[in-house]
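Heads up: the structure comes next, in structure tokens.
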Amino acid sequence: MAVTFDAQFSDQLFSRIVQHSLWERLPSSTPLKWLKPKVDKEGIIRVGGRLGNANVSEEVKHPIVLSSKHPLSALLVMHYHQVLLYAGPQLMLATIRQKYRIIGGRNLVRRTYHQCHKCFRIKPVLVQQSIADLPTSRVTPSRPFATCGIDYCGPVYIKSPVRNRAPTKAYIAIFVCFATRAVHIELVSDLSTPVFLATLRRFVARRGRMSEIHSDNGTAFKGAANELHRIYEMLKTNQADRKQIQDWCATNEVVWRFIPPRAPNFGGLWEAAVKSAKNHLLREIGHANITYEDMCTLLTQIEMCLNSRPLVPIPTDPADLEVLTPGHFLVGTSLQAIPDRNLCDIPDNRLTHFELTQKRF
């Protein structure tokens, strides 16, 4: 009994037979085998898969398979690169895969993008210079803030306590310790030398007298350095009528070092601290105006967050209790740590392992 097939069924049967025979003949080492290829009526190899019944075009269901080593693939990728207005590798690859499946296409797309002359001229690759050694002040052990750097950021606007009065400008002074990376933040009203000297006095009263200060060539910093040097010269030139404390201050002048003009890369340590402080400040208040008390409180909390950042990679061992932070050098523990009980009067046999560790250390 003869059996007749319609044309559509015959084509599907032929495609399945060819696909099955092609799949069997492919070696296991070729990447083409993972695409389950099929051959259409025109003899073009396409991607197989299970989307034969999907209500989409044939090109989407079964993209044409190409090799990244063929010149046609390179011309095709360059064509899409120009049509997509010199797009990046991700956009090019996503658009090409709507019609074509290039084996090794990701590397071909990246190579085409990096070899494009227009893209290279617009976004050139900068020369990577070798990093120099750290200065002596960065690698010499010292107490916190004995050697520090300072920078200003701002302005920020302080809301006036009087209603309907315009907000006033203020600035943020950030001190960074060279040895421990600890941060101290002060709110200043302007950029004048007297105001900065008052800020410096508050800093010394809380953190102790420093031996060396680094800063850029700002006018406020230059004026403060000149003012301190005049005081130093005045105390140094006076003779027996000066007190002993004045002589001690004269012989212990603070060394002020300026980085070269127009070279902010020399102040990367305090520039990084300014960036971190701005991130917290902008995310908390944005461009809103707050009162002086609220700004001082917020800056103090930002200082606490910066001094609680880990200095070393966070360990994965559960036996390690805390990671080293700048707060350990300031108060002996992290500023975010939970206060511990006083366990000195409790015998060791009544303590857990965690409490015994806290008692010993």
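Ordering of the structure tokens sets the chain letters (A, B, ...); residue numbers start at 1 within each chain; ligands are numbered from 1 in the order shown.
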Hey, what's within 6 Å of range 168-177 of chain A if we count only C-alpha atoms and toss same-chain stuff fewer than 6 positions away? As a list of chain:residue names, please?
A:Phe145, A:Cys148, A:Gly149, A:Ile150, A:Asp151, A:Tyr152, A:Cys153, A:Gly154, A:Pro155, A:Val156, A:Tyr157, A:Ile158, A:Val183, A:His184, A:Ile185, A:Glu186, A:Leu187, A:Val188, A:Ser189, A:Asp190
Within 12 Å of Lys118 in chain A using only C-alpha atoms, minus same-chain residues under 2 positions, as a list in words:
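Using only C-alpha atoms, the neighbours found are His81, Gln82, Leu85, Tyr86, Ala87, Thr112, Tyr113, His114, Gln115, Cys116, Phe120, Arg121, Ile122, Lys123 and Pro124 of chain A.
Proximity ranking of A:Thr297, A:Ser67, A:Ser130, A:Ser137 relative to Ile213 in chain A places A:Ser137 first, based on only C-alpha atoms.
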Need to verify the contact set: Asp216 in chain A, 10 Å, only C-alpha atoms, exclusion of same-chain residues closer than 2 positions in sequence. Can you return it as a PyMOL selection string?
chain A and resi 149-152+214+218-219+221-222+257-264+266-267+270
Could you take the residues named above and write them with C-alpha atoms, as a PDB file, in the first residue's frame?
```pdb
ATOM      1  CA  GLY A 149      47.661  64.999  55.631  1.00  0.00           C
ATOM      2  CA  ILE A 150      44.900  67.569  55.355  1.00  0.00           C
ATOM      3  CA  ASP A 151      42.558  68.697  52.630  1.00  0.00           C
ATOM      4  CA  TYR A 152      39.389  70.735  52.253  1.00  0.00           C
ATOM      5  CA  HIS A 214      51.262  67.304  54.413  1.00  0.00           C
ATOM      6  CA  GLY A 218      45.989  75.974  49.039  1.00  0.00           C
ATOM      7  CA  THR A 219      46.076  79.601  50.137  1.00  0.00           C
ATOM      8  CA  PHE A 221      47.328  76.163  54.160  1.00  0.00           C
ATOM      9  CA  LYS A 222      50.118  78.457  53.009  1.00  0.00           C
ATOM     10  CA  ARG A 257      55.307  69.876  53.673  1.00  0.00           C
ATOM     11  CA  PHE A 258      53.531  70.951  50.485  1.00  0.00           C
ATOM     12  CA  ILE A 259      53.112  68.740  47.468  1.00  0.00           C
ATOM     13  CA  PRO A 260      54.250  70.106  44.068  1.00  0.00           C
ATOM     14  CA  PRO A 261      51.875  72.613  42.427  1.00  0.00           C
ATOM     15  CA  ARG A 262      49.218  71.135  40.124  1.00  0.00           C
ATOM     16  CA  ALA A 263      50.129  67.592  41.122  1.00  0.00           C
ATOM     17  CA  PRO A 264      47.137  66.141  43.013  1.00  0.00           C
ATOM     18  CA  PHE A 266      50.986  63.351  45.284  1.00  0.00           C
ATOM     19  CA  GLY A 267      48.050  63.711  47.690  1.00  0.00           C
ATOM     20  CA  TRP A 270      43.747  62.470  51.519  1.00  0.00           C
TER      21      TRP A 270
END
```
Quick one: residues within 12 Å of Asn107 in chain A, only C-alpha atoms counted, chain neighbours fewer than 4 positions away excluded, as a ChimeraX atom specification?
/A:67-69,73-74,77,89-90,92-93,102-103,111-114
Write the residues you've just listed into a file as a JSON list (two decimals), in the first residue's frame, and include N, CA, C and O atoms for each of them.
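Output saved as out25.json:
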```
[["chain", "number", "residue", "atom", "x", "y", "z"],
["A", 67, "SER", "N", 31.95, 30.64, 11.32],
["A", 67, "SER", "CA", 33.21, 30.48, 12.03],
["A", 67, "SER", "C", 33.89, 31.83, 12.19],
["A", 67, "SER", "O", 33.89, 32.64, 11.26],
["A", 68, "SER", "N", 34.46, 32.06, 13.37],
["A", 68, "SER", "CA", 35.13, 33.34, 13.61],
["A", 68, "SER", "C", 36.41, 33.48, 12.80],
["A", 68, "SER", "O", 36.91, 34.59, 12.63],
["A", 69, "LYS", "N", 36.94, 32.38, 12.25],
["A", 69, "LYS", "CA", 38.17, 32.42, 11.47],
["A", 69, "LYS", "C", 37.92, 32.75, 10.00],
["A", 69, "LYS", "O", 38.88, 32.96, 9.25],
["A", 73, "SER", "N", 32.94, 36.44, 8.52],
["A", 73, "SER", "CA", 32.53, 36.78, 9.89],
["A", 73, "SER", "C", 33.13, 38.11, 10.32],
["A", 73, "SER", "O", 32.46, 38.92, 10.98],
["A", 74, "ALA", "N", 34.39, 38.36, 9.99],
["A", 74, "ALA", "CA", 35.01, 39.64, 10.34],
["A", 74, "ALA", "C", 34.31, 40.80, 9.64],
["A", 74, "ALA", "O", 34.07, 41.85, 10.25],
["A", 77, "VAL", "N", 30.90, 41.37, 11.39],
["A", 77, "VAL", "CA", 31.02, 42.06, 12.68],
["A", 77, "VAL", "C", 31.35, 43.54, 12.47],
["A", 77, "VAL", "O", 30.80, 44.41, 13.16],
["A", 89, "PRO", "N", 31.22, 45.82, 22.56],
["A", 89, "PRO", "CA", 31.16, 44.38, 22.26],
["A", 89, "PRO", "C", 29.85, 43.71, 22.68],
["A", 89, "PRO", "O", 29.35, 42.84, 21.97],
["A", 90, "GLN", "N", 29.29, 44.10, 23.80],
["A", 90, "GLN", "CA", 28.08, 43.44, 24.28],
["A", 90, "GLN", "C", 26.90, 43.68, 23.35],
["A", 90, "GLN", "O", 26.16, 42.75, 23.00],
["A", 92, "MET", "N", 27.01, 44.60, 20.17],
["A", 92, "MET", "CA", 27.26, 43.97, 18.88],
["A", 92, "MET", "C", 26.96, 42.48, 18.93],
["A", 92, "MET", "O", 26.31, 41.92, 18.04],
["A", 93, "LEU", "N", 27.43, 41.81, 19.97],
["A", 93, "LEU", "CA", 27.24, 40.36, 20.05],
["A", 93, "LEU", "C", 25.77, 40.00, 20.22],
["A", 93, "LEU", "O", 25.28, 39.04, 19.60],
["A", 102, "ILE", "N", 28.08, 32.94, 15.63],
["A", 102, "ILE", "CA", 29.50, 32.85, 15.28],
["A", 102, "ILE", "C", 30.21, 32.07, 16.37],
["A", 102, "ILE", "O", 30.18, 32.45, 17.54],
["A", 103, "ILE", "N", 30.83, 30.95, 15.97],
["A", 103, "ILE", "CA", 31.61, 30.17, 16.91],
["A", 103, "ILE", "C", 32.88, 30.95, 17.27],
["A", 103, "ILE", "O", 33.68, 31.27, 16.40],
["A", 111, "ARG", "N", 37.89, 41.81, 19.51],
["A", 111, "ARG", "CA", 39.04, 42.17, 18.69],
["A", 111, "ARG", "C", 38.68, 43.24, 17.66],
["A", 111, "ARG", "O", 39.45, 44.18, 17.43],
["A", 112, "THR", "N", 37.49, 43.13, 17.09],
["A", 112, "THR", "CA", 37.05, 44.15, 16.13],
["A", 112, "THR", "C", 36.85, 45.50, 16.81],
["A", 112, "THR", "O", 37.20, 46.55, 16.24],
["A", 113, "TYR", "N", 36.32, 45.48, 18.02],
["A", 113, "TYR", "CA", 36.09, 46.74, 18.75],
["A", 113, "TYR", "C", 37.41, 47.41, 19.11],
["A", 113, "TYR", "O", 37.56, 48.62, 18.95],
["A", 114, "HIS", "N", 38.38, 46.64, 19.56],
["A", 114, "HIS", "CA", 39.67, 47.22, 19.98],
["A", 114, "HIS", "C", 40.53, 47.62, 18.79],
["A", 114, "HIS", "O", 41.42, 48.47, 18.94]]
```
Write out as a PyMOL selection string all residues of range 67-269 of chain A that DSSP puts in helix (DSSP H, G or I) for this structure's backbone.
chain A and resi 71-83+89-96+105-114+117-122+136-139+193-207+219-237+244-251+264-269
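The protein and nucleic acid residues lying at most 10 Å from Glu227 in chain A are Thr193, Pro194, Leu197, Phe221 and Glu233 of chain A, with only C-alpha atoms considered and sequence neighbours fewer than 6 positions away removed.
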Enumerate, in order of chain and increasing residue number, the residues of range 269-294 of chain A with an atom no farther than 10 Å from range 303-308 of chain A, each with its shortest atom pair and distance in Å to one decimal, counting only C-alpha atoms, as JSON lines.
```
{"residue": "A:Ala273", "atom": "CA", "partner": "A:Leu306", "partner_atom": "CA", "distance": 8.2}
{"residue": "A:Ser276", "atom": "CA", "partner": "A:Leu306", "partner_atom": "CA", "distance": 7.6}
{"residue": "A:Ala277", "atom": "CA", "partner": "A:Leu306", "partner_atom": "CA", "distance": 7.6}
{"residue": "A:His280", "atom": "CA", "partner": "A:Cys305", "partner_atom": "CA", "distance": 8.8}
```
